[in-house]
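Raw input-v6.csv, CSV, C-alpha atoms:
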```
chain,number,residue,atom,x,y,z
A,72,MET,CA,7.2,72.4,90.9
A,73,GLY,CA,8.7,71.8,94.3
A,74,ARG,CA,9.8,74.5,96.8
A,75,PHE,CA,13.3,75.0,97.8
A,76,PRO,CA,13.0,76.9,101.1
A,77,ALA,CA,15.5,79.8,101.5
A,78,ARG,CA,16.4,82.0,104.4
A,79,LEU,CA,18.8,84.8,105.1
A,80,LEU,CA,21.8,84.0,107.3
A,81,HIS,CA,23.2,86.5,109.8
A,82,ILE,CA,26.9,85.6,110.1
A,83,ALA,CA,28.7,87.9,112.5
A,84,THR,CA,31.8,85.9,113.6
A,85,PRO,CA,34.2,83.4,112.2
A,86,ALA,CA,32.8,80.8,114.7
A,87,GLU,CA,29.3,81.3,113.3
A,88,ALA,CA,30.5,80.9,109.7
A,89,LYS,CA,32.3,77.7,110.6
A,90,ARG,CA,29.3,76.3,112.4
A,91,GLU,CA,27.0,76.9,109.4
A,92,LEU,CA,29.4,75.3,107.0
A,93,GLU,CA,29.8,72.3,109.4
A,94,THR,CA,26.0,72.0,109.6
A,95,ILE,CA,25.7,71.3,105.8
A,96,GLY,CA,28.7,68.9,105.9
A,97,VAL,CA,31.3,71.0,104.1
A,98,ASP,CA,34.7,69.3,103.9
A,99,PRO,CA,37.0,70.6,106.7
A,100,ALA,CA,39.6,71.8,104.2
A,101,GLY,CA,36.9,73.8,102.4
A,102,ILE,CA,35.7,75.4,105.7
A,103,GLY,CA,39.0,77.2,106.1
A,104,MET,CA,38.7,78.6,102.6
A,105,MET,CA,35.1,79.6,102.6
A,106,ALA,CA,34.4,80.9,106.1
A,107,PRO,CA,36.2,84.2,105.5
A,108,LYS,CA,34.0,84.8,102.4
A,109,MET,CA,30.9,84.7,104.6
A,110,LEU,CA,32.1,87.7,106.7
A,111,SER,CA,31.4,91.0,105.1
A,112,ARG,CA,32.8,94.2,106.6
A,113,CYS,CA,32.8,97.9,106.0
A,114,VAL,CA,36.0,99.7,107.0
A,115,LYS,CA,36.4,103.4,107.1
A,116,LEU,CA,39.8,105.0,106.4
A,117,SER,CA,40.1,108.8,107.0
A,118,GLY,CA,42.1,111.5,105.3
A,119,LEU,CA,43.6,109.7,102.3
A,120,LEU,CA,45.1,111.4,99.3
A,121,CYS,CA,43.2,110.9,96.1
A,122,SER,CA,46.1,108.9,94.6
A,123,GLN,CA,45.8,106.5,97.6
A,124,ALA,CA,42.0,106.3,97.4
A,125,ASN,CA,41.9,105.7,93.6
A,126,ILE,CA,44.3,102.7,94.0
A,127,LEU,CA,42.2,101.3,96.9
A,128,LYS,CA,39.0,101.6,94.8
A,129,GLN,CA,40.6,99.9,91.8
A,130,GLU,CA,42.0,97.1,93.8
A,131,MET,CA,38.7,96.5,95.7
A,132,LEU,CA,36.7,96.4,92.5
A,133,SER,CA,39.2,93.9,91.0
A,134,LEU,CA,38.7,91.7,94.1
A,135,GLY,CA,34.9,91.7,93.8
A,136,GLY,CA,34.4,94.3,96.6
A,137,ASP,CA,34.0,98.0,96.4
A,138,ALA,CA,35.2,101.3,97.9
A,139,ALA,CA,33.2,104.5,98.4
A,140,VAL,CA,35.1,107.8,98.0
A,141,ALA,CA,34.2,111.5,97.9
A,142,ARG,CA,33.0,113.1,94.7
A,143,GLY,CA,35.9,114.5,92.9
A,144,THR,CA,38.3,111.8,94.0
A,145,VAL,CA,38.7,110.2,90.6
A,146,SER,CA,39.6,113.5,89.0
A,147,CYS,CA,41.7,114.6,92.0
A,148,SER,CA,39.7,117.8,92.2
A,149,VAL,CA,39.6,117.4,96.0
A,150,SER,CA,42.8,117.2,98.1
A,151,HIS,CA,41.7,114.4,100.5
A,152,THR,CA,38.9,111.9,101.0
A,153,ASP,CA,37.7,109.4,103.5
A,154,VAL,CA,37.2,105.9,102.1
A,155,ILE,CA,34.7,103.2,103.0
A,156,LEU,CA,35.9,99.7,102.0
A,157,MET,CA,33.2,97.1,101.5
A,158,GLY,CA,34.1,93.5,101.2
A,159,THR,CA,34.6,90.1,102.8
A,160,ASP,CA,37.4,89.4,105.2
A,161,LYS,CA,39.0,87.4,102.4
A,162,GLN,CA,38.9,90.3,100.0
A,163,LEU,CA,40.2,92.7,102.6
A,164,ASP,CA,43.0,90.4,103.5
A,165,LYS,CA,44.0,90.1,99.8
A,166,LEU,CA,43.8,93.9,99.5
A,167,CYS,CA,46.5,94.2,102.3
A,168,SER,CA,48.8,91.9,100.3
A,169,ARG,CA,48.3,93.9,97.1
A,170,LEU,CA,49.0,97.2,98.8
A,171,ALA,CA,52.3,96.0,100.3
A,172,PRO,CA,54.4,96.9,97.2
A,173,GLN,CA,52.4,100.0,96.2
A,174,PRO,CA,53.6,103.7,96.4
A,175,PHE,CA,52.0,106.7,98.1
A,176,SER,CA,52.5,105.2,101.6
A,177,LEU,CA,49.9,102.5,100.9
A,178,PRO,CA,51.9,99.8,102.8
A,179,ALA,CA,51.2,101.9,105.9
A,180,VAL,CA,47.5,101.9,105.0
A,181,ALA,CA,47.7,98.1,104.6
A,182,ALA,CA,49.3,97.7,108.0
A,183,GLU,CA,46.5,99.8,109.6
A,184,LEU,CA,43.9,97.7,107.9
A,185,LYS,CA,45.5,94.4,108.8
A,186,GLU,CA,45.6,95.5,112.5
A,187,ILE,CA,41.9,96.3,112.4
A,188,LEU,CA,41.0,93.0,110.8
A,189,HIS,CA,43.1,91.1,113.4
A,190,HIS,CA,41.3,92.9,116.3
A,191,ALA,CA,37.9,92.1,114.7
A,192,ALA,CA,38.8,88.4,114.3
A,193,SER,CA,40.6,87.9,117.6
A,194,PRO,CA,38.9,90.0,120.4
A,195,PRO,CA,40.8,90.2,123.7
A,196,SER,CA,40.4,87.2,126.0
A,197,ILE,CA,42.0,88.5,129.2
A,198,TRP,CA,42.5,91.7,131.1
A,199,ARG,CA,45.5,91.8,133.5
A,200,THR,CA,45.5,93.9,136.7
A,201,ALA,CA,48.3,94.5,139.2
A,202,ARG,CA,47.3,91.3,141.1
A,203,ARG,CA,45.5,88.9,138.8
A,204,THR,CA,44.4,88.0,135.3
A,205,LEU,CA,40.7,88.4,134.6
A,206,SER,CA,39.1,86.2,131.9
A,207,LEU,CA,36.9,87.9,129.4
A,208,HIS,CA,35.2,84.7,128.2
A,209,ARG,CA,32.0,86.0,129.9
A,210,PRO,CA,31.1,89.6,130.9
A,211,LEU,CA,32.7,91.0,133.9
A,212,ILE,CA,30.5,92.9,136.4
A,213,MET,CA,32.0,96.0,137.9
A,214,GLY,CA,29.9,97.0,141.0
A,215,ILE,CA,29.7,100.7,141.8
A,216,LEU,CA,30.6,101.8,145.3
A,217,ASN,CA,30.3,105.6,145.6
A,218,VAL,CA,31.8,106.8,148.9
A,219,THR,CA,30.3,110.3,148.3
A,220,PRO,CA,27.6,112.5,149.7
A,221,ASP,CA,26.3,113.7,146.3
A,222,SER,CA,26.4,111.0,143.6
A,223,PHE,CA,23.4,111.2,141.3
A,224,SER,CA,21.9,107.8,142.2
A,225,ASP,CA,23.3,106.6,145.6
A,226,GLY,CA,24.9,109.6,147.1
A,227,ASN,CA,25.3,109.4,150.9
A,228,GLN,CA,24.1,105.8,151.1
A,229,PHE,CA,27.6,104.4,151.5
A,230,PHE,CA,29.4,107.5,152.7
A,231,LEU,CA,30.3,106.0,156.0
A,232,PRO,CA,33.1,103.5,155.8
A,233,HIS,CA,31.3,100.6,157.6
A,234,LYS,CA,28.3,101.0,155.2
A,235,ALA,CA,30.7,101.0,152.2
A,236,ILE,CA,32.4,97.8,153.4
A,237,ASP,CA,29.1,96.0,154.0
A,238,ARG,CA,27.9,97.1,150.5
A,239,ALA,CA,31.1,95.8,148.9
A,240,ARG,CA,30.7,92.4,150.5
A,241,GLN,CA,27.1,92.3,149.4
A,242,MET,CA,28.0,93.1,145.8
A,243,VAL,CA,30.6,90.3,145.8
A,244,ASP,CA,27.9,87.9,147.1
A,245,GLU,CA,25.7,89.1,144.3
A,246,GLY,CA,28.3,88.3,141.6
A,247,ALA,CA,30.6,91.3,141.2
A,248,ASP,CA,34.0,90.6,139.6
A,249,ILE,CA,35.3,94.1,140.4
A,250,ILE,CA,34.3,96.7,143.0
A,251,ASP,CA,34.8,100.2,141.7
A,252,ILE,CA,35.3,102.7,144.5
A,253,GLY,CA,34.8,106.4,143.9
A,254,GLY,CA,35.3,109.4,146.2
A,255,GLU,CA,34.2,112.2,143.8
A,256,SER,CA,30.9,112.5,142.1
A,257,THR,CA,31.3,112.8,138.3
A,258,ARG,CA,27.6,113.4,137.6
A,259,PRO,CA,27.0,116.3,135.1
A,260,GLY,CA,27.6,119.6,136.8
A,261,ALA,CA,29.4,118.1,139.8
A,262,PRO,CA,32.0,120.4,141.3
A,263,PRO,CA,35.6,119.1,141.7
A,264,VAL,CA,36.8,117.6,145.0
A,265,SER,CA,40.3,118.1,146.4
A,266,ALA,CA,42.7,115.2,146.3
A,267,ASP,CA,42.9,115.3,150.2
A,268,LYS,CA,39.2,115.0,150.6
A,269,GLU,CA,39.0,112.1,148.0
A,270,HIS,CA,41.9,110.4,149.8
A,271,ARG,CA,40.2,110.6,153.2
A,272,ARG,CA,37.0,109.1,151.7
A,273,ILE,CA,38.3,106.1,149.9
A,274,ILE,CA,41.6,105.0,151.4
A,275,PRO,CA,40.1,103.6,154.7
A,276,VAL,CA,37.6,101.6,152.6
A,277,ILE,CA,40.2,100.2,150.3
A,278,GLU,CA,42.5,99.2,153.2
A,279,ALA,CA,39.6,97.4,154.9
A,280,LEU,CA,38.5,95.6,151.8
A,281,ALA,CA,41.9,94.7,150.3
A,282,GLY,CA,42.4,91.8,152.7
A,283,ILE,CA,38.9,90.4,152.6
A,284,LEU,CA,37.5,90.7,149.1
A,285,PRO,CA,38.1,87.8,146.6
A,286,CYS,CA,37.6,90.2,143.7
A,287,ALA,CA,39.5,93.0,142.1
A,288,ILE,CA,39.3,96.6,143.6
A,289,SER,CA,39.2,99.5,141.2
A,290,VAL,CA,39.3,103.2,142.0
A,291,ASP,CA,37.4,105.8,140.0
A,292,THR,CA,39.8,108.7,140.0
A,293,TRP,CA,41.6,111.0,137.6
A,294,LYS,CA,44.1,112.3,140.1
A,295,SER,CA,47.6,110.6,140.1
A,296,SER,CA,48.2,111.2,143.8
A,297,VAL,CA,44.9,109.5,144.8
A,298,ALA,CA,45.6,106.7,142.4
A,299,GLN,CA,49.0,106.1,143.9
A,300,SER,CA,47.7,106.0,147.4
A,301,ALA,CA,44.8,103.7,146.4
A,302,LEU,CA,47.2,101.3,144.7
A,303,ASP,CA,49.4,101.3,147.8
A,304,ALA,CA,46.4,100.5,149.8
A,305,GLY,CA,45.4,97.5,147.7
A,306,ALA,CA,43.6,98.7,144.6
A,307,GLU,CA,44.6,97.1,141.3
A,308,ILE,CA,42.7,99.0,138.6
A,309,ILE,CA,42.5,102.8,137.9
A,310,ASN,CA,39.3,103.9,136.3
A,311,ASP,CA,40.2,107.3,134.8
A,312,ILE,CA,37.2,109.3,133.4
A,313,SER,CA,39.6,111.6,131.6
A,314,GLY,CA,41.5,108.9,129.6
A,315,LEU,CA,44.8,110.3,131.1
A,316,GLN,CA,43.9,113.9,130.0
A,317,PHE,CA,43.3,115.7,133.3
A,318,ASP,CA,46.6,114.7,135.1
A,319,PRO,CA,49.8,114.3,133.1
A,320,GLN,CA,51.3,112.0,135.8
A,321,MET,CA,48.6,109.4,135.8
A,322,ALA,CA,50.0,107.3,133.0
A,323,GLU,CA,53.4,107.0,134.8
A,324,VAL,CA,51.7,106.0,138.1
A,325,ILE,CA,49.7,103.2,136.3
A,326,ALA,CA,52.8,102.0,134.4
A,327,ARG,CA,55.0,101.9,137.4
A,328,SER,CA,52.5,99.9,139.5
A,329,GLY,CA,51.5,97.4,136.9
A,330,ALA,CA,47.8,98.3,137.5
A,331,ALA,CA,45.1,97.9,134.9
A,332,ALA,CA,43.6,101.1,133.4
A,333,VAL,CA,40.1,102.0,132.2
A,334,LEU,CA,40.5,104.9,129.8
A,335,MET,CA,37.3,106.7,129.3
A,336,HIS,CA,36.3,109.4,126.7
A,337,THR,CA,34.8,112.7,127.9
A,338,SER,CA,34.6,116.0,126.2
A,339,GLY,CA,35.3,118.0,129.3
A,340,SER,CA,35.2,118.0,133.1
A,341,PRO,CA,31.9,117.0,134.9
A,342,GLU,CA,31.2,120.7,135.5
A,343,THR,CA,31.3,121.6,131.8
A,344,MET,CA,30.9,118.4,129.7
A,345,GLN,CA,27.2,118.7,128.9
A,346,GLY,CA,27.9,122.0,127.2
A,347,LYS,CA,30.3,120.2,124.8
A,348,THR,CA,28.1,117.7,122.9
A,349,GLY,CA,28.8,118.9,119.4
A,350,TYR,CA,30.4,116.2,117.2
A,351,GLY,CA,31.0,116.1,113.5
A,352,ASP,CA,31.5,112.4,113.6
A,353,LEU,CA,30.5,111.0,117.0
A,354,ILE,CA,31.9,107.5,116.8
A,355,GLY,CA,34.9,108.5,114.8
A,356,GLU,CA,35.9,111.3,117.2
A,357,ILE,CA,35.5,109.0,120.3
A,358,VAL,CA,37.5,106.2,118.7
A,359,GLY,CA,40.2,108.7,117.7
A,360,ALA,CA,40.4,110.2,121.2
A,361,LEU,CA,40.5,106.7,122.9
A,362,ASP,CA,43.2,105.6,120.4
A,363,ARG,CA,45.3,108.7,121.5
A,364,SER,CA,44.7,107.8,125.2
A,365,CYS,CA,45.8,104.2,124.6
A,366,ARG,CA,48.9,105.3,122.7
A,367,GLN,CA,49.8,107.7,125.5
A,368,ALA,CA,49.4,104.9,128.0
A,369,THR,CA,51.6,102.4,126.1
A,370,GLU,CA,54.2,105.0,125.4
A,371,ALA,CA,54.4,105.6,129.2
A,372,GLY,CA,55.0,101.9,129.7
A,373,VAL,CA,51.5,100.5,130.3
A,374,GLU,CA,51.2,97.1,128.7
A,375,ARG,CA,48.4,96.6,126.2
A,376,ASP,CA,46.8,93.8,128.0
A,377,ARG,CA,46.3,96.0,131.1
A,378,ILE,CA,44.2,98.6,129.2
A,379,ALA,CA,40.4,98.7,128.8
A,380,ILE,CA,38.4,101.5,127.0
A,381,ASP,CA,35.1,103.2,127.8
A,382,PRO,CA,33.2,105.4,125.3
A,383,GLY,CA,31.9,107.5,128.2
A,384,ILE,CA,28.2,107.2,127.9
A,385,GLY,CA,26.6,110.3,129.5
A,386,PHE,CA,29.9,112.2,129.6
A,387,GLY,CA,29.6,115.0,127.1
A,388,LYS,CA,26.9,113.2,125.1
A,389,ASP,CA,23.2,113.9,124.7
A,390,VAL,CA,20.4,111.3,124.7
A,391,GLU,CA,20.5,110.5,121.0
A,392,GLN,CA,24.3,110.3,121.1
A,393,ASN,CA,24.2,107.8,124.0
A,394,LEU,CA,21.8,105.6,122.1
A,395,GLU,CA,23.9,105.8,119.0
A,396,ILE,CA,27.0,104.7,120.9
A,397,LEU,CA,25.1,101.6,122.2
A,398,ARG,CA,23.9,100.8,118.7
A,399,ARG,CA,27.4,101.0,117.3
A,400,LEU,CA,29.5,99.6,120.1
A,401,ASN,CA,31.0,96.9,117.8
A,402,GLU,CA,32.9,99.7,116.0
A,403,PHE,CA,35.1,100.1,119.1
A,404,SER,CA,36.5,96.6,118.6
A,405,SER,CA,38.9,98.1,116.0
A,406,LEU,CA,41.1,99.3,118.8
A,407,GLY,CA,41.6,95.8,120.1
A,408,PHE,CA,41.1,96.5,123.8
A,409,PRO,CA,38.5,95.2,126.3
A,410,LEU,CA,35.4,97.4,126.2
A,411,LEU,CA,33.7,98.7,129.4
A,412,VAL,CA,30.3,100.3,129.3
A,413,GLY,CA,28.6,102.2,132.1
A,414,THR,CA,24.9,103.0,131.6
A,415,SER,CA,23.6,102.2,135.0
A,416,ARG,CA,20.6,104.4,136.1
A,417,LYS,CA,21.9,107.3,133.9
A,418,SER,CA,19.9,110.3,132.9
A,419,PHE,CA,19.4,109.3,129.2
A,420,ILE,CA,17.4,106.2,130.5
A,421,GLY,CA,15.4,108.5,132.7
A,422,ARG,CA,14.7,110.9,129.8
A,423,MET,CA,13.6,108.1,127.5
A,424,LEU,CA,11.4,106.4,130.1
A,425,ASN,CA,10.5,109.3,132.4
A,426,ARG,CA,11.9,107.5,135.4
A,427,ASP,CA,13.8,108.7,138.5
A,428,PRO,CA,17.2,107.1,139.2
A,429,GLU,CA,15.9,104.6,141.6
A,430,ASP,CA,13.3,103.4,139.1
A,431,ARG,CA,15.6,102.8,136.1
A,432,LEU,CA,16.4,99.1,136.7
A,433,MET,CA,14.5,97.8,133.6
A,434,GLY,CA,15.9,100.5,131.4
A,435,THR,CA,19.4,99.7,132.6
A,436,SER,CA,18.8,96.0,132.0
A,437,ALA,CA,17.9,96.7,128.4
A,438,THR,CA,21.1,98.8,127.9
A,439,VAL,CA,23.3,96.1,129.5
A,440,THR,CA,21.7,93.4,127.3
A,441,LEU,CA,22.4,95.4,124.1
A,442,ALA,CA,25.9,96.4,125.4
A,443,VAL,CA,26.9,92.7,125.9
A,444,ALA,CA,25.3,91.7,122.6
A,445,ASN,CA,27.3,94.4,120.8
A,446,GLY,CA,30.7,93.6,122.3
A,447,ALA,CA,31.0,94.9,125.8
A,448,HIS,CA,33.4,92.9,128.0
A,449,ILE,CA,32.8,94.7,131.3
A,450,VAL,CA,29.6,96.5,132.5
A,451,ARG,CA,29.7,99.0,135.4
A,452,VAL,CA,26.5,98.8,137.4
A,453,HIS,CA,24.7,99.7,140.7
A,454,ASP,CA,22.3,96.7,140.7
A,455,VAL,CA,24.8,93.8,140.7
A,456,ARG,CA,22.5,90.7,141.1
A,457,GLU,CA,20.1,91.8,138.5
A,458,MET,CA,22.8,92.8,136.0
A,459,ARG,CA,24.8,89.7,136.6
A,460,ASP,CA,21.8,87.7,135.4
A,461,THR,CA,21.1,90.1,132.5
A,462,ALA,CA,24.7,90.0,131.3
A,463,ASP,CA,25.0,86.3,131.6
A,464,MET,CA,21.8,85.7,129.7
A,465,ALA,CA,22.7,88.1,126.9
A,466,HIS,CA,26.1,86.4,126.7
A,467,ALA,CA,24.5,83.0,126.5
A,468,ILE,CA,22.3,84.0,123.7
A,469,THR,CA,25.0,85.7,121.6
A,470,SER,CA,27.9,83.3,122.3
A,471,VAL,CA,27.6,79.6,121.2
A,472,PRO,CA,30.5,78.5,123.5
A,473,ALA,CA,28.8,80.1,126.5
A,474,TYR,CA,25.5,78.3,125.7
A,475,ARG,CA,27.4,75.0,125.4
A,476,GLN,CA,29.2,75.5,128.6
A,477,CYS,CA,25.9,76.3,130.3
A,478,LYS,CA,24.3,73.1,129.1
A,479,SER,CA,27.3,71.0,130.1
A,480,GLY,CA,27.3,72.5,133.6
A,481,SER,CA,30.8,74.2,133.3
A,482,PHE,CA,29.3,77.7,132.9
A,483,THR,CA,28.1,78.7,136.4
A,484,PRO,CA,26.8,82.3,136.6
A,485,SER,CA,27.1,83.9,140.0
```
Turn this file's structure into structure tokens for me.
Amino acid sequence: MGRFPARLLHIATPAEAKRELETIGVDPAGIGMMAPKMLSRCVKLSGLLCSQANILKQEMLSLGGDAAVARGTVSCSVSHTDVILMGTDKQLDKLCSRLAPQPFSLPAVAAELKEILHHAASPPSIWRTARRTLSLHRPLIMGILNVTPDSFSDGNQFFLPHKAIDRARQMVDEGADIIDIGGESTRPGAPPVSADKEHRRIIPVIEALAGILPCAISVDTWKSSVAQSALDAGAEIINDISGLQFDPQMAEVIARSGAAAVLMHTSGSPETMQGKTGYGDLIGEIVGALDRSCRQATEAGVERDRIAIDPGIGFGKDVEQNLEILRRLNEFSSLGFPLLVGTSRKSFIGRMLNRDPEDRLMGTSATVTLAVANGAHIVRVHDVREMRDTADMAHAITSVPAYRQCKSGSFTPS
């Protein structure tokens, strides 16, 4: 009896599904019908009424999928339940259609589900700043330029303006797409710095670089007055560690200027955040907080394609939580915004490997590789040349178009 070799397929994207179907010679019309069946997803919905959850479960079962609900949901002995839907993209899309005429606010549930599926199938391809449009077809490298005396890794190295300017030029030569300038240390336990002091540290550097750098200038600040001065001096991205929560005027400043915004999650100020690492649902709570920050931004007038999100690795998270965020980065795609990840030389790498900040290059490289593989569009790093290569290689492995571009010569890593 002959053998019929079998193997498992790992299909993560519509493009991968299409490629496998093309490989075995499926009719083009059939590819459009079958590709969605190859993509299985789990979607978690929170805080549903039992009446809503029971209809969702019945509909998913009838479509060939399933839905997990809390014990007591069928008998309605609990008031609310979270629901995990399990099915293919095709089944979930059909579910949305079936929910449209249903009672119990289920059309709103369908709209939420449809939006999540759209974001998963169509990730962002551009990020607009005040001065340019950045393509996300390969990872962007954001080079860190700390103009501070006390940052955890490179404090005092580039505190003098001429040293900061030289370092920025060097990072551009090494492949940076963005230079992120910071005048206040945000390491755990760092004391706050006044807006005047932050202003004096960064504005001369921004003014000197704005006319000579070919790349975008970002400013790492949560203060609206500093952000406004930086934008006036030539910056085009505001990287706010508080996700608009520390300064109520920040969203208006960003909206009025047309700047891009990085909205990060933190559980408190740098002075206090490491005392606030208790989460009931780590990823769910971070996604929820980032969603609120993004809604706050858009309500203030910031356009969606100018917003990026950052889960805030190292900000109010312990070692295990930081590792979990990296493992589950793909879950942040449900928000539909470019994803920035900053792991460079951070203490969780030091704790895992028993390495000092200056000896965390290889650990950082591993985290950047996994971040890009799991959906990061932008990585914020100290070691630009090394992480440019790391990110480009990870992207080439995980993205078929990138590999084809590289082979044809049109993909040219810096």
Point to revise | Selected residue of minimal separation from Glu457 (chain A) among A:Ala247, A:Gln345, A:Asn425, A:Ile396, counting all atoms listed in the file | key: A:Ala247
Practice item. Within 10 Å of Leu315 (chain A), counting all atoms listed in the file, which residues show up once you throw out same-chain ones fewer than 6 positions away? Write them as a ChimeraX atom specification, please. Key: /A:293-295,321-323,332-336,361,363-365,367-368
When you look at Tyr350 (chain A) with a cut-off of 12 Å (counting all atoms listed in the file), what residues show up, excluding the ones that are within fewer than 4 positions of it in the same chain? I need them as a PDB file with C-alpha atoms, in the coordinates of the input.
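Saved to selection-v3.pdb:
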```
ATOM      1  CA  SER A 338      34.600 116.000 126.200  1.00  0.00           C
ATOM      2  CA  GLY A 346      27.900 122.000 127.200  1.00  0.00           C
ATOM      3  CA  ILE A 354      31.900 107.500 116.800  1.00  0.00           C
ATOM      4  CA  GLY A 355      34.900 108.500 114.800  1.00  0.00           C
ATOM      5  CA  GLU A 356      35.900 111.300 117.200  1.00  0.00           C
ATOM      6  CA  ILE A 357      35.500 109.000 120.300  1.00  0.00           C
ATOM      7  CA  GLY A 387      29.600 115.000 127.100  1.00  0.00           C
ATOM      8  CA  LYS A 388      26.900 113.200 125.100  1.00  0.00           C
ATOM      9  CA  ASP A 389      23.200 113.900 124.700  1.00  0.00           C
ATOM     10  CA  GLN A 392      24.300 110.300 121.100  1.00  0.00           C
TER      11      GLN A 392
END
```
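Put simply, CA of Val140 (chain A) is 28.2 Å away from CA of Asn393 (chain A).
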Exercise for review: Skip Pro341 (chain A) itself and residues of its chain fewer than 6 positions away, then list as number ranges by chain all residues within 12 Å of it, counting all atoms listed in the file.
Suggested key: A: 222, 255-264, 293, 312-313, 317, 347, 383, 385-388
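Counting only C-alpha atoms and comparing A:Ser418, A:Thr343, A:Thr469, A:Ser122, the residue that lies closest to Ser176 (chain A) is A:Ser122.
Across the structure, CA of Gly136 (chain A) and CA of Met157 (chain A) are spaced 5.8 Å apart.
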Check your understanding: Leaving out Ala379 (chain A) and any residue of its chain fewer than 5 positions from it, which residues lie within 6 Å of it when counting all atoms listed in the file, given as a ChimeraX atom specification?
Key -> /A:333,408-410
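Those residues that approach region 165-175 of chain A to within 7 Å, counting all atoms listed in the file, are Gln123, Glu130, Met131, Lys161, Gln162, Leu163, Leu177, Pro178, Ala181 and Lys185 of chain A; same-chain residues fewer than 2 positions away are not listed.
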Filtering to C-alpha atoms, could you give me those residues as a PDB file, keeping the file's coordinate frame?
```pdb
ATOM      1  CA  GLN A 123      45.800 106.500  97.600  1.00  0.00           C
ATOM      2  CA  GLU A 130      42.000  97.100  93.800  1.00  0.00           C
ATOM      3  CA  MET A 131      38.700  96.500  95.700  1.00  0.00           C
ATOM      4  CA  LYS A 161      39.000  87.400 102.400  1.00  0.00           C
ATOM      5  CA  GLN A 162      38.900  90.300 100.000  1.00  0.00           C
ATOM      6  CA  LEU A 163      40.200  92.700 102.600  1.00  0.00           C
ATOM      7  CA  LEU A 177      49.900 102.500 100.900  1.00  0.00           C
ATOM      8  CA  PRO A 178      51.900  99.800 102.800  1.00  0.00           C
ATOM      9  CA  ALA A 181      47.700  98.100 104.600  1.00  0.00           C
ATOM     10  CA  LYS A 185      45.500  94.400 108.800  1.00  0.00           C
TER      11      LYS A 185
END
```
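Distance-wise, CA of Pro232 (chain A) and CA of Val276 (chain A) end up 5.8 Å apart.
Ranking A:Ala138, A:Leu207, A:Ala298, A:Ile308 by their shortest atom-to-atom distance to Gln320 (chain A), with only C-alpha atoms included, puts A:Ala298 first.
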